[in-house]
Amino acid sequence: MNGEHQGRIALVTGGSKGLGREVALRLAQAGATVVANYRSDKKAAEEILLELRMFSKDCMIVQADITDPSQVDFLFGELQSKFGRVDILVNNVGDFIFKPLMETRDSEFVQTIESNLFTAFFCTTRALALMGDGYGRVINIGAVGADRMLLRKLTTPYYIAKAGLVMLSKVMALDCKEGVTINVVSPGILENGVRPTGATVIDYSDVSNAVMFLTEVQAQNVNGANIEVSGGWVLGMQ
């Protein structure tokens with residue numbers, strides 16, 4: 001544990017599995033008290049809590065479906081009651097879809113947009129209200145190539161949401177308090193993802209390295225950025 005974030009409070013949405021779990025553990029190892037949000041998998045959440053508490057006994061798990069603003073209010077109410085503030089927010093939640101658009105059900109379209117875009121807005125607005133002057137970090141998990149207007153025939157709702165997330169992040173970064181930054185980390189194909197031909201598979205640790213960089217004090221002048229972690233996979237896709 002390097003102590004970079006000793007005494008800081010970090011919230012990771014979707015923090016019980018996959019990339020969220022990796023990021024939550026990295027923050028705890030750096031000294032942060034981590035709150036891992038989860039929606040439904042209580043077993044996975046309890047498992048990550050045991051690991052997090054190896055670093056800080058004050059780490060927590062909080063169940064909330066953060067596509068619902070009332071449950072977001074509950075989540076942040078728990079944080080405010082326990083800690084009084086939030087220093088780091090990682091908006092990791094986001095459902096993926098891989099099917100032709102015209103075969104996509106209404107509910108799938110809505111859920112994909114809500115889980116990737118609405119949740120980031122809901123959580124960020126509430127987190128900013130609890131961040132003090134001098135330091136605060138919001139890192140939104142995007143998707144490689146989402147800042148480019150390309151046709152995504154099998155992932156259309158997902159990329160609509162992630163493109164919106166990049167715009168949302170940049171606009172919100174304009175009005176941050178002194179010392180508070182909002183950035184995007186956009187992974188390529190992760191180990192649990194669909195693997196197109198020629199794509200480099202990215203380890204969770206590669207993405208968490210970028211997240212951790214953005215949380216550092218030395219990264220205070222990186223604001224409104226979108227950092228792609230993809231091994232350069234999409235550079236030729238123009």
# chains A, B, ... in the order shown; residues from 1 in each chain; ligands from 1
>>> closest_atom_pairs(of="segment 165-225 of chain A", to="segment 87-93 of chain A", cutoff="10 Å", atoms="only C-alpha atoms", output="tab-separated table")
residue	atom	partner	partner_atom	distance
A:Val180	CA	A:Asp87	CA	9.0
A:Thr181	CA	A:Ile88	CA	9.8
A:Ile182	CA	A:Leu89	CA	9.4
A:Asn183	CA	A:Val90	CA	9.9
A:Val184	CA	A:Asn91	CA	9.4
A:Val185	CA	A:Asn92	CA	9.9
A:Val211	CA	A:Val90	CA	8.3
A:Thr215	CA	A:Ile88	CA	7.3
>>> closest_atom_pairs(of="segment 100-138 of chain A", to="segment 5-20 of chain A", cutoff="12 Å", atoms="only C-alpha atoms", output="CSV")
residue,atom,partner,partner_atom,distance
A:Ser115,CA,A:Gly14,CA,10.4
A:Asn116,CA,A:Thr13,CA,11.1
A:Thr119,CA,A:Thr13,CA,9.1
A:Ala120,CA,A:Thr13,CA,9.3
A:Phe122,CA,A:Thr13,CA,11.6
A:Cys123,CA,A:Thr13,CA,8.9
A:Thr124,CA,A:Leu11,CA,10.7
A:Arg126,CA,A:Leu11,CA,11.7
A:Ala127,CA,A:Leu11,CA,9.1
A:Leu130,CA,A:Ile9,CA,10.6
A:Met131,CA,A:Ile9,CA,10.0
A:Gly132,CA,A:Arg8,CA,11.4
A:Tyr135,CA,A:Arg8,CA,9.9
A:Gly136,CA,A:Arg8,CA,9.7
A:Arg137,CA,A:Ala10,CA,9.1
A:Val138,CA,A:Leu11,CA,9.6
>>> closest_residue(among="A:Ser186, A:Gln29, A:Thr156, A:Ser70", to="Glu51 of chain A", atoms="only C-alpha atoms")
A:Gln29
>>> residues_around(residues="Arg26 of chain A", least_positions_apart="5", cutoff="10 Å", atoms="only C-alpha atoms", output="short mmCIF file (atom, residue, chain, number, x, y, z; two decimals) with N, CA and C atoms, in the first residue's frame")
data_model
loop_
_atom_site.label_atom_id
_atom_site.label_comp_id
_atom_site.auth_asym_id
_atom_site.auth_seq_id
_atom_site.Cartn_x
_atom_site.Cartn_y
_atom_site.Cartn_z
N MET A 1 0.85 -1.20 0.00
CA MET A 1 0.00 0.00 0.00
C MET A 1 0.87 1.24 0.00
N GLY A 20 -14.69 -3.05 -12.21
CA GLY A 20 -15.00 -2.32 -10.99
C GLY A 20 -14.31 -2.91 -9.77
N ARG A 21 -14.28 -4.21 -9.70
CA ARG A 21 -13.60 -4.89 -8.59
C ARG A 21 -12.11 -4.57 -8.60
N GLY A 31 -4.74 3.17 -0.07
CA GLY A 31 -5.09 3.80 1.19
C GLY A 31 -6.49 4.35 1.29
N ALA A 32 -7.25 4.36 0.21
CA ALA A 32 -8.59 4.92 0.24
C ALA A 32 -9.55 4.00 0.99
N VAL A 34 -12.94 2.54 0.56
CA VAL A 34 -13.71 2.31 -0.66
C VAL A 34 -15.14 1.86 -0.33
N LEU A 52 -11.50 -5.86 0.54
CA LEU A 52 -11.29 -4.43 0.79
C LEU A 52 -10.95 -4.17 2.25
N SER A 205 -5.98 -4.60 -15.25
CA SER A 205 -4.92 -3.81 -14.61
C SER A 205 -4.44 -2.66 -15.49
N SER A 208 -7.04 0.01 -14.93
CA SER A 208 -6.96 0.58 -13.58
C SER A 208 -5.71 1.44 -13.42
N ASN A 209 -4.65 1.15 -14.17
CA ASN A 209 -3.45 2.02 -14.14
C ASN A 209 -3.81 3.43 -14.58
N VAL A 211 -6.84 4.78 -14.54
CA VAL A 211 -7.72 5.35 -13.52
C VAL A 211 -6.91 5.89 -12.34
N MET A 212 -5.96 5.10 -11.89
CA MET A 212 -5.15 5.52 -10.74
C MET A 212 -4.33 6.76 -11.06
#
>>> residues_around(residues="Asp133 of chain A", least_positions_apart="4", cutoff="8 Å", atoms="only C-alpha atoms", output="MDAnalysis selection string")
chainID A and resid 177:180
>>> write_last_selection(atoms="N, CA and C atoms", output="tab-separated table (two decimals), in the first residue's frame")
chain	number	residue	atom	x	y	z
A	177	LYS	N	-15.17	22.70	-9.30
A	177	LYS	CA	-14.50	23.49	-8.28
A	177	LYS	C	-12.98	23.40	-8.47
A	178	GLU	N	-12.27	24.29	-7.84
A	178	GLU	CA	-10.82	24.26	-7.86
A	178	GLU	C	-10.32	22.93	-7.31
A	179	GLY	N	-9.48	22.26	-8.09
A	179	GLY	CA	-8.90	21.00	-7.65
A	179	GLY	C	-9.72	19.77	-7.97
A	180	VAL	N	-10.90	19.94	-8.56
A	180	VAL	CA	-11.75	18.82	-8.92
A	180	VAL	C	-11.68	18.60	-10.43
>>> closest_residue(among="A:Leu174, A:Leu190, A:Ile202, A:Val207", to="Asn140 of chain A", atoms="only C-alpha atoms")
A:Val207
>>> closest_residue(among="A:Asp95, A:Val222, A:Phe109, A:Thr125", to="Asp73 of chain A", atoms="only C-alpha atoms")
A:Thr125
>>> atom_distance(atom1="atom CA of Lys153 of chain A", atom2="atom CA of Thr200 of chain A")
20.4 Å
